[in-house]
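Engineer: You'll find entry.cif just under this line, and it carries mmCIF, C-alpha atoms.
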data_final
loop_
_atom_site.label_atom_id
_atom_site.label_comp_id
_atom_site.auth_asym_id
_atom_site.auth_seq_id
_atom_site.Cartn_x
_atom_site.Cartn_y
_atom_site.Cartn_z
CA MET A 1 10.15 23.49 -38.87
CA PRO A 2 11.56 23.02 -35.33
CA VAL A 3 9.65 20.94 -32.83
CA ARG A 4 8.05 23.07 -30.15
CA GLU A 5 8.78 21.90 -26.62
CA THR A 6 5.75 21.54 -24.39
CA ALA A 7 5.17 20.86 -20.74
CA TYR A 8 3.84 17.41 -21.63
CA LYS A 9 5.48 14.32 -23.05
CA ASP A 10 4.07 12.40 -26.00
CA ASP A 11 5.40 9.01 -24.95
CA LEU A 12 3.47 7.73 -21.98
CA THR A 13 4.53 5.23 -19.38
CA ILE A 14 2.33 5.45 -16.32
CA PRO A 15 4.10 4.44 -13.10
CA SER A 16 2.07 2.20 -10.80
CA PHE A 17 1.55 4.95 -8.20
CA LEU A 18 -0.24 7.06 -10.85
CA GLN A 19 -2.52 4.29 -12.08
CA ALA A 20 -6.09 5.16 -11.18
CA ALA A 21 -9.48 5.66 -12.78
CA GLY A 22 -9.81 9.04 -14.48
CA GLY A 23 -7.31 11.09 -16.40
CA MET A 24 -5.18 12.90 -13.83
CA GLY A 25 -2.78 10.00 -13.29
CA ALA A 26 -1.94 10.02 -17.00
CA GLN A 27 -1.74 13.79 -17.03
CA ILE A 28 0.73 13.78 -14.15
CA ALA A 29 2.73 11.05 -15.92
CA ARG A 30 2.88 13.12 -19.14
CA PHE A 31 4.02 16.31 -17.40
CA ARG A 32 7.73 17.11 -17.93
CA TRP A 33 8.75 16.84 -14.29
CA GLU A 34 12.43 16.73 -15.25
CA TRP A 35 12.05 20.48 -15.97
CA HIS A 36 10.29 21.11 -12.66
CA PRO A 37 11.74 21.61 -9.14
CA LEU A 38 10.11 18.30 -8.05
CA GLY A 39 12.28 16.49 -10.58
CA PRO A 40 11.58 13.28 -12.52
CA LEU A 41 8.83 11.01 -11.20
CA GLU A 42 11.27 8.17 -10.55
CA LEU A 43 13.18 10.40 -8.10
CA TRP A 44 10.12 11.47 -6.10
CA PRO A 45 10.25 10.33 -2.46
CA GLN A 46 7.98 7.43 -1.56
CA SER A 47 5.97 9.70 0.75
CA LEU A 48 5.03 11.96 -2.18
CA LYS A 49 4.22 8.98 -4.41
CA THR A 50 1.97 7.54 -1.68
CA ALA A 51 0.17 10.85 -1.13
CA VAL A 52 -0.43 11.31 -4.87
CA SER A 53 -1.65 7.71 -5.22
CA LEU A 54 -4.05 8.29 -2.32
CA ILE A 55 -5.68 11.35 -3.89
CA LEU A 56 -5.81 9.83 -7.39
CA ASN A 57 -7.69 6.83 -6.04
CA SER A 58 -10.21 8.94 -4.16
CA ARG A 59 -13.49 10.29 -5.49
CA HIS A 60 -13.37 13.16 -3.01
CA PRO A 61 -11.88 16.47 -4.29
CA MET A 62 -8.31 16.66 -2.98
CA TRP A 63 -4.96 18.22 -3.68
CA VAL A 64 -1.45 17.80 -2.37
CA GLY A 65 0.93 20.71 -1.91
CA TRP A 66 4.53 19.47 -1.81
CA GLY A 67 7.51 21.36 -0.46
CA ARG A 68 7.73 24.93 0.80
CA GLN A 69 6.27 26.15 -2.51
CA MET A 70 3.38 23.70 -2.11
CA TRP A 71 3.69 22.40 -5.67
CA PHE A 72 0.09 21.66 -6.67
CA LEU A 73 -1.04 18.10 -7.54
CA TYR A 74 -4.72 17.20 -7.67
CA ASN A 75 -7.20 14.47 -8.51
CA ASP A 76 -10.01 14.16 -11.04
CA ALA A 77 -12.67 15.07 -8.47
CA TYR A 78 -10.86 18.38 -7.91
CA LEU A 79 -11.37 19.44 -11.53
CA ASN A 80 -14.82 20.80 -10.62
CA VAL A 81 -13.24 23.00 -7.94
CA LEU A 82 -10.59 24.38 -10.29
CA GLY A 83 -12.86 24.90 -13.27
CA LEU A 84 -11.76 25.06 -16.88
CA ALA A 85 -9.92 28.34 -16.38
CA LYS A 86 -7.36 26.76 -14.01
CA HIS A 87 -7.06 23.21 -15.32
CA PRO A 88 -4.64 21.94 -16.61
CA GLY A 89 -2.42 24.95 -15.90
CA ALA A 90 -2.61 24.46 -12.13
CA LEU A 91 -0.62 21.23 -12.25
CA GLY A 92 2.84 21.71 -10.78
CA ARG A 93 2.36 25.39 -9.91
CA PRO A 94 2.74 26.84 -6.41
CA ALA A 95 -0.56 26.66 -4.53
CA SER A 96 -0.28 30.39 -3.83
CA ASP A 97 -0.43 31.04 -7.59
CA VAL A 98 -3.25 28.59 -8.24
CA TRP A 99 -5.42 30.11 -5.51
CA ALA A 100 -4.07 33.69 -5.45
CA GLU A 101 -7.56 35.12 -4.95
CA ILE A 102 -8.10 33.19 -1.69
CA TRP A 103 -4.52 32.84 -0.48
CA ASP A 104 -5.17 35.37 2.30
CA VAL A 105 -7.44 32.73 3.86
CA CYS A 106 -5.26 29.73 3.00
CA ARG A 107 -1.74 31.06 3.72
CA PRO A 108 -1.92 31.09 7.54
CA LEU A 109 -3.47 27.61 7.61
CA ALA A 110 -0.88 26.23 5.19
CA ASN A 111 1.97 27.87 7.11
CA ASN A 112 0.78 26.25 10.36
CA VAL A 113 0.94 22.86 8.65
CA LEU A 114 4.34 23.34 7.03
CA LEU A 115 6.05 25.11 9.93
CA TYR A 116 4.47 23.42 12.95
CA GLY A 117 2.78 20.26 11.66
CA GLU A 118 -0.60 21.57 12.88
CA ALA A 119 -3.64 20.34 10.96
CA SER A 120 -6.59 22.66 10.40
CA LEU A 121 -10.27 22.38 9.55
CA VAL A 122 -12.31 25.21 8.10
CA ASP A 123 -16.05 24.67 7.89
CA ASP A 124 -18.39 26.68 5.68
CA VAL A 125 -15.97 29.47 4.76
CA ARG A 126 -16.99 32.03 2.14
CA LEU A 127 -14.52 32.14 -0.76
CA PHE A 128 -14.60 34.11 -3.99
CA LEU A 129 -13.02 31.76 -6.53
CA ASN A 130 -11.68 32.94 -9.86
CA ARG A 131 -12.77 30.28 -12.33
CA GLY A 132 -12.37 32.37 -15.46
CA ASP A 133 -13.28 35.97 -16.13
CA PHE A 134 -15.40 36.30 -12.99
CA LEU A 135 -15.24 35.74 -9.25
CA GLU A 136 -17.75 33.20 -8.00
CA GLU A 137 -19.01 33.37 -4.43
CA THR A 138 -18.79 29.89 -2.93
CA PHE A 139 -18.75 28.25 0.47
CA TYR A 140 -16.30 25.44 1.22
CA SER A 141 -15.29 23.16 4.03
CA PHE A 142 -11.69 21.95 3.82
CA SER A 143 -8.77 20.84 5.89
CA PHE A 144 -5.00 21.03 5.64
CA SER A 145 -3.12 18.06 7.11
CA PRO A 146 0.64 17.50 7.23
CA ILE A 147 2.31 14.89 5.03
CA ARG A 148 5.55 13.66 6.56
CA ASP A 149 8.50 12.45 4.54
CA GLU A 150 10.78 9.48 5.19
CA ARG A 151 12.65 11.40 7.93
CA GLY A 152 9.43 12.28 9.74
CA GLU A 153 9.63 15.95 8.70
CA VAL A 154 6.62 17.81 7.29
CA ALA A 155 7.21 17.87 3.54
CA GLY A 156 3.77 18.82 2.26
CA LEU A 157 0.10 19.06 2.95
CA LEU A 158 -3.09 17.24 2.01
CA CYS A 159 -6.24 19.25 1.33
CA PRO A 160 -9.58 17.46 0.94
CA SER A 161 -12.38 19.93 0.24
CA ASN A 162 -16.13 19.99 0.00
CA ASP A 163 -18.27 22.58 -1.77
CA VAL A 164 -21.08 23.41 0.69
CA THR A 165 -22.54 26.34 -1.24
CA ALA A 166 -25.81 24.50 -1.91
CA ARG A 167 -26.19 23.68 1.79
CA GLY A 168 -26.26 27.37 2.58
CA ILE A 169 -28.88 28.01 -0.06
CA ARG A 170 -31.16 25.11 0.96
CA ILE A 171 -31.19 25.58 4.75
CA PRO A 172 -32.96 28.98 4.92
CA HIS A 173 -35.63 27.80 2.48
CA ALA A 174 -36.31 24.76 4.62
CA PHE A 175 -37.40 27.11 7.41
CA GLY A 176 -39.29 29.52 5.15
CA LEU A 177 -36.56 32.16 5.47
CA PRO A 178 -35.04 34.13 2.61
CA SER A 179 -31.59 32.95 1.61
CA GLN A 180 -28.70 35.03 2.93
CA ARG A 181 -26.21 33.11 0.79
CA VAL A 182 -26.82 33.02 -2.91
CA ALA A 183 -23.91 32.22 -5.22
CA THR A 184 -23.14 35.31 -7.29
CA SER A 185 -20.66 36.30 -9.94
CA PHE A 186 -18.58 39.46 -10.22
CA SER A 187 -16.63 40.66 -13.24
CA VAL A 188 -12.89 40.79 -12.93
CA THR A 189 -11.17 43.71 -14.61
CA ALA A 190 -7.53 43.69 -15.50
#
Just give me the structure of the file as structure tokens.

Structural biologist:
Amino acid sequence: MPVRETAYKDDLTIPSFLQAAGGMGAQIARFRWEWHPLGPLELWPQSLKTAVSLILNSRHPMWVGWGRQMWFLYNDAYLNVLGLAKHPGALGRPASDVWAEIWDVCRPLANNVLLYGEASLVDDVRLFLNRGDFLEETFYSFSFSPIRDERGEVAGLLCPSNDVTARGIRIPHAFGLPSQRVATSFSVTA
């Protein structure tokens, strides 16, 4: 029986820039980057390695989008944002595919970073995230910041994010008001 090729390697050598608590460093190390447009880990530019090391060693949910396609790399804390429906398949995909359902909000912000080097901050934005077979109403605060390569050119973006859905639910109750923002689910039909 022929051996089936997978996107992940069985032999595992974790480069120092991927060594961090949690499992995403090992998952990134196991991914077959030699089949991906980013290429083998050892050929990644130092700026990308540094950005990935930074997010892997953070407990705050973050992702890096590298290149014009914004190839998606994320940390363990971001697993809760993605949900089981998107992880591990999001690794190495274009950000526009990973977050297709909210890309209308994210695209202009990401383009400003990649084209003009302009950082952005979005506070308390309503997003309907597809985390499986339903859309979940959530509220997030996040920013997109440029990551510059060794030539000083914008080569990617950094996105730390914070789920503030609960904040919107708690605040009205604190003042005796009915909640205007309750997380809801909607079925997705194909």

Engineer: Check what the PyMOL selection byres ((chain A and resi 91) around 12) selects in the file above and give those residues as JSON, numbers by chain.

Structural biologist: {"A": [7, 8, 24, 25, 27, 28, 29, 30, 31, 32, 33, 36, 38, 63, 64, 65, 66, 70, 71, 72, 73, 74, 75, 76, 78, 79, 82, 86, 87, 88, 89, 90, 92, 93, 94, 95, 97, 98]}

Engineer: Restricting it to C-alpha atoms, dump the selection as a JSON list (two decimals), in the coordinates of the input.

Structural biologist:
[["chain", "number", "residue", "atom", "x", "y", "z"],
["A", 7, "ALA", "CA", 5.17, 20.86, -20.74],
["A", 8, "TYR", "CA", 3.84, 17.41, -21.63],
["A", 24, "MET", "CA", -5.18, 12.90, -13.83],
["A", 25, "GLY", "CA", -2.78, 10.00, -13.29],
["A", 27, "GLN", "CA", -1.74, 13.79, -17.03],
["A", 28, "ILE", "CA", 0.73, 13.78, -14.15],
["A", 29, "ALA", "CA", 2.73, 11.05, -15.92],
["A", 30, "ARG", "CA", 2.88, 13.12, -19.14],
["A", 31, "PHE", "CA", 4.02, 16.31, -17.40],
["A", 32, "ARG", "CA", 7.73, 17.11, -17.93],
["A", 33, "TRP", "CA", 8.75, 16.84, -14.29],
["A", 36, "HIS", "CA", 10.29, 21.11, -12.66],
["A", 38, "LEU", "CA", 10.11, 18.30, -8.05],
["A", 63, "TRP", "CA", -4.96, 18.22, -3.68],
["A", 64, "VAL", "CA", -1.45, 17.80, -2.37],
["A", 65, "GLY", "CA", 0.93, 20.71, -1.91],
["A", 66, "TRP", "CA", 4.53, 19.47, -1.81],
["A", 70, "MET", "CA", 3.38, 23.70, -2.11],
["A", 71, "TRP", "CA", 3.69, 22.40, -5.67],
["A", 72, "PHE", "CA", 0.09, 21.66, -6.67],
["A", 73, "LEU", "CA", -1.04, 18.10, -7.54],
["A", 74, "TYR", "CA", -4.72, 17.20, -7.67],
["A", 75, "ASN", "CA", -7.20, 14.47, -8.51],
["A", 76, "ASP", "CA", -10.01, 14.16, -11.04],
["A", 78, "TYR", "CA", -10.86, 18.38, -7.91],
["A", 79, "LEU", "CA", -11.37, 19.44, -11.53],
["A", 82, "LEU", "CA", -10.59, 24.38, -10.29],
["A", 86, "LYS", "CA", -7.36, 26.76, -14.01],
["A", 87, "HIS", "CA", -7.06, 23.21, -15.32],
["A", 88, "PRO", "CA", -4.64, 21.94, -16.61],
["A", 89, "GLY", "CA", -2.42, 24.95, -15.90],
["A", 90, "ALA", "CA", -2.61, 24.46, -12.13],
["A", 92, "GLY", "CA", 2.84, 21.71, -10.78],
["A", 93, "ARG", "CA", 2.36, 25.39, -9.91],
["A", 94, "PRO", "CA", 2.74, 26.84, -6.41],
["A", 95, "ALA", "CA", -0.56, 26.66, -4.53],
["A", 97, "ASP", "CA", -0.43, 31.04, -7.59],
["A", 98, "VAL", "CA", -3.25, 28.59, -8.24]]

Engineer: Evaluate the PyMOL selection byres ((chain A and resi 154-168) around 9) here and jot the selected residues down as a ChimeraX atom specification.

Structural biologist: /A:47-48,51,55,60-68,70-71,78,81,110,113-117,119,123-126,137-149,151-153,169-172,179-183

Engineer: Mind pulling up the distance from atom CA of A:Val52 to atom CA of A:Cys106?

Structural biologist: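 Atom-to-atom, atom CA of A:Cys106 and atom CA of A:Val52 are spaced 20.6 Å apart.
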
Engineer: Using atom CA of A:Ser58 and atom CA of A:Pro15 as the two end points, give the distance in Å to one decimal.

Structural biologist: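 Calculated distance between atom CA of A:Ser58 and atom CA of A:Pro15 is 17.5 Å.
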
Engineer: What gap, in Å, lies between atom CA of A:Ser53 and atom CA of A:Gln19?

Structural biologist: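 Rounded to one decimal, the two atoms are 7.7 Å apart.
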
Engineer: Which residue gives the smallest distance to A:Trp99 among A:Ala85, A:Leu43, A:Ile14, A:Ala21, with all atoms listed in the file counted?

Structural biologist: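 Checking each of A:Ala85, A:Leu43, A:Ile14, A:Ala21 against A:Trp99, counting all atoms listed in the file, the winner is A:Ala85.
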
Engineer: Could you give me the axis-aligned bounding box of stretch 88-105 of chain A, with 6 Å of padding per side, as centre plus edge lengths in Å to one decimal, as AutoDock Vina command-line options?

Structural biologist:
--center_x -2.6 --center_y 28.3 --center_z -6.4 --size_x 22.9 --size_y 26.1 --size_z 32.5

Engineer: Please enumerate the residues selected by the PyMOL selection byres ((chain A and resi 130) around 10) when evaluated against the supplied file, formatted as a PyMOL selection string.

Structural biologist: chain A and resi 82-83+85-86+98-102+127-129+131-137+185-188

Engineer: Kindly export the residues of the current selection with C-alpha atoms, as a compact mmCIF listing (two decimals), in the coordinates of the input.

Structural biologist:
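So out21.txt came out as:
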# COMPACT_ATOMS: atom_id res chain seq x y z
CA LEU A 82 -10.59 24.38 -10.29
CA GLY A 83 -12.86 24.90 -13.27
CA ALA A 85 -9.92 28.34 -16.38
CA LYS A 86 -7.36 26.76 -14.01
CA VAL A 98 -3.25 28.59 -8.24
CA TRP A 99 -5.42 30.11 -5.51
CA ALA A 100 -4.07 33.69 -5.45
CA GLU A 101 -7.56 35.12 -4.95
CA ILE A 102 -8.10 33.19 -1.69
CA LEU A 127 -14.52 32.14 -0.76
CA PHE A 128 -14.60 34.11 -3.99
CA LEU A 129 -13.02 31.76 -6.53
CA ARG A 131 -12.77 30.28 -12.33
CA GLY A 132 -12.37 32.37 -15.46
CA ASP A 133 -13.28 35.97 -16.13
CA PHE A 134 -15.40 36.30 -12.99
CA LEU A 135 -15.24 35.74 -9.25
CA GLU A 136 -17.75 33.20 -8.00
CA GLU A 137 -19.01 33.37 -4.43
CA SER A 185 -20.66 36.30 -9.94
CA PHE A 186 -18.58 39.46 -10.22
CA SER A 187 -16.63 40.66 -13.24
CA VAL A 188 -12.89 40.79 -12.93

Engineer: Start from the incomplete input, build N, CA and C atoms for stretch 29-43 of chain A, and deliver everything as a PDB file, in the frame of the given file.

Structural biologist:
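Result saved to out.pdb:
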ATOM      1  N   ALA A  29       1.664  11.835 -15.296  1.00  0.00           N
ATOM      2  CA  ALA A  29       2.730  11.050 -15.920  1.00  0.00           C
ATOM      3  C   ALA A  29       3.296  11.756 -17.156  1.00  0.00           C
ATOM      4  N   ARG A  30       2.439  12.450 -17.917  1.00  0.00           N
ATOM      5  CA  ARG A  30       2.880  13.120 -19.140  1.00  0.00           C
ATOM      6  C   ARG A  30       3.611  14.428 -18.880  1.00  0.00           C
ATOM      7  N   PHE A  31       3.408  15.022 -17.715  1.00  0.00           N
ATOM      8  CA  PHE A  31       4.020  16.310 -17.400  1.00  0.00           C
ATOM      9  C   PHE A  31       5.550  16.171 -17.397  1.00  0.00           C
ATOM     10  N   ARG A  32       6.251  17.159 -17.872  1.00  0.00           N
ATOM     11  CA  ARG A  32       7.730  17.110 -17.930  1.00  0.00           C
ATOM     12  C   ARG A  32       8.324  17.509 -16.577  1.00  0.00           C
ATOM     13  N   TRP A  33       8.259  16.574 -15.647  1.00  0.00           N
ATOM     14  CA  TRP A  33       8.750  16.840 -14.290  1.00  0.00           C
ATOM     15  C   TRP A  33      10.259  17.045 -14.255  1.00  0.00           C
ATOM     16  N   GLU A  34      10.974  16.531 -15.245  1.00  0.00           N
ATOM     17  CA  GLU A  34      12.430  16.730 -15.250  1.00  0.00           C
ATOM     18  C   GLU A  34      12.785  18.208 -15.409  1.00  0.00           C
ATOM     19  N   TRP A  35      11.839  19.036 -15.849  1.00  0.00           N
ATOM     20  CA  TRP A  35      12.050  20.480 -15.970  1.00  0.00           C
ATOM     21  C   TRP A  35      11.503  21.230 -14.766  1.00  0.00           C
ATOM     22  N   HIS A  36      10.995  20.527 -13.814  1.00  0.00           N
ATOM     23  CA  HIS A  36      10.290  21.110 -12.660  1.00  0.00           C
ATOM     24  C   HIS A  36      11.133  20.915 -11.398  1.00  0.00           C
ATOM     25  N   PRO A  37      10.991  21.793 -10.398  1.00  0.00           N
ATOM     26  CA  PRO A  37      11.740  21.610  -9.140  1.00  0.00           C
ATOM     27  C   PRO A  37      11.498  20.268  -8.445  1.00  0.00           C
ATOM     28  N   LEU A  38      10.337  19.624  -8.662  1.00  0.00           N
ATOM     29  CA  LEU A  38      10.110  18.300  -8.050  1.00  0.00           C
ATOM     30  C   LEU A  38      10.972  17.225  -8.686  1.00  0.00           C
ATOM     31  N   GLY A  39      11.415  17.461  -9.905  1.00  0.00           N
ATOM     32  CA  GLY A  39      12.280  16.490 -10.580  1.00  0.00           C
ATOM     33  C   GLY A  39      11.508  15.336 -11.183  1.00  0.00           C
ATOM     34  N   PRO A  40      12.208  14.423 -11.844  1.00  0.00           N
ATOM     35  CA  PRO A  40      11.580  13.280 -12.520  1.00  0.00           C
ATOM     36  C   PRO A  40      10.788  12.412 -11.538  1.00  0.00           C
ATOM     37  N   LEU A  41       9.703  11.852 -12.029  1.00  0.00           N
ATOM     38  CA  LEU A  41       8.830  11.010 -11.200  1.00  0.00           C
ATOM     39  C   LEU A  41       9.599   9.909 -10.476  1.00  0.00           C
ATOM     40  N   GLU A  42      10.551   9.305 -11.159  1.00  0.00           N
ATOM     41  CA  GLU A  42      11.270   8.170 -10.550  1.00  0.00           C
ATOM     42  C   GLU A  42      12.128   8.600  -9.359  1.00  0.00           C
ATOM     43  N   LEU A  43      12.388   9.908  -9.224  1.00  0.00           N
ATOM     44  CA  LEU A  43      13.180  10.400  -8.100  1.00  0.00           C
ATOM     45  C   LEU A  43      12.303  10.984  -6.974  1.00  0.00           C
TER      46      LEU A  43
END
